[in-house]
Each structure stands twice: as C-alpha cells, then as structure tokens.
Amino acid sequence: MRGRNWVGVALLFLFLPVNIPLWNILFSALELNISGEFTTPPMFLLGLLFLFYPTQKDIEQHIAKSTEEE
C-alpha cells in the first residue's frame with residue numbers, strides 16, 4: 001500500500017460515524033465552535049477516496065497495459 005492509502009485508512013478509522021461524540025467532546029475541550037456532525041462525514045468520504053480511488057499514474061498504467069494486450 002502507498003502512503004496515500006494509509007492516510008485513507010487512518011481517516012476512515014478516525015472519522016467513523018460512531019466517533020462523532022468523541023469529536024464533539026474534543027472540539028468542546030479545545031473551545032472550538034465546530035460540530036462533529038458536520039466534520040465527520042466529509043472526512044470519512046475523503047478517507048474512502050484516498051483508499052479506493054486510483055491515482056492518475058495508476059490509471060495511465062492500466063490503460064497502457066490494456067492497449068498492449070490488444
């Protein structure tokens with residue numbers, strides 16, 4: 001796995017929807033006026049993108065391999 005994939009896995013675990021109360025506690029302890037309900041879903045989706053969406057280099061290599069096989 002590449003570094004990008006590891007960041008995606010870390011984001012997935014940190015921003016699981018179950019962790020919303022923990023983020024609310026952390027934000028209130030840091031005296032930030034941010035809600036966990038608004039920050040968790042986008043960060044969770046960003047982790048999914050980092051983990052599963054291929055890079056441009058991977059796409060180009062896949063296209064090159066498929067054209068070589070033909």
# chains A, B, ... in the order shown; residues from 1 in each chain; ligands from 1
$ residues_around --residues "stretch 13-27 of chain A" --least-positions-apart "2" --cutoff "9 Å" --atoms "only C-alpha atoms" --output "MDAnalysis selection string"
chainID A and resid 8:11 29:37 39:44 47
$ select_by_dssp --residues "chain A" --states "helix (DSSP H, G or I)" --output "ChimeraX atom specification"
/A:3-14,17-29,36-52,56-69
$ atom_distance --atom1 "atom CA of A:Leu45" --atom2 "atom CA of A:Gly3"
17.3 Å
$ closest_residue --among "A:Glu68, A:Ser28, A:Leu12, A:Phe38" --to "A:Phe52" --atoms "only C-alpha atoms"
A:Leu12
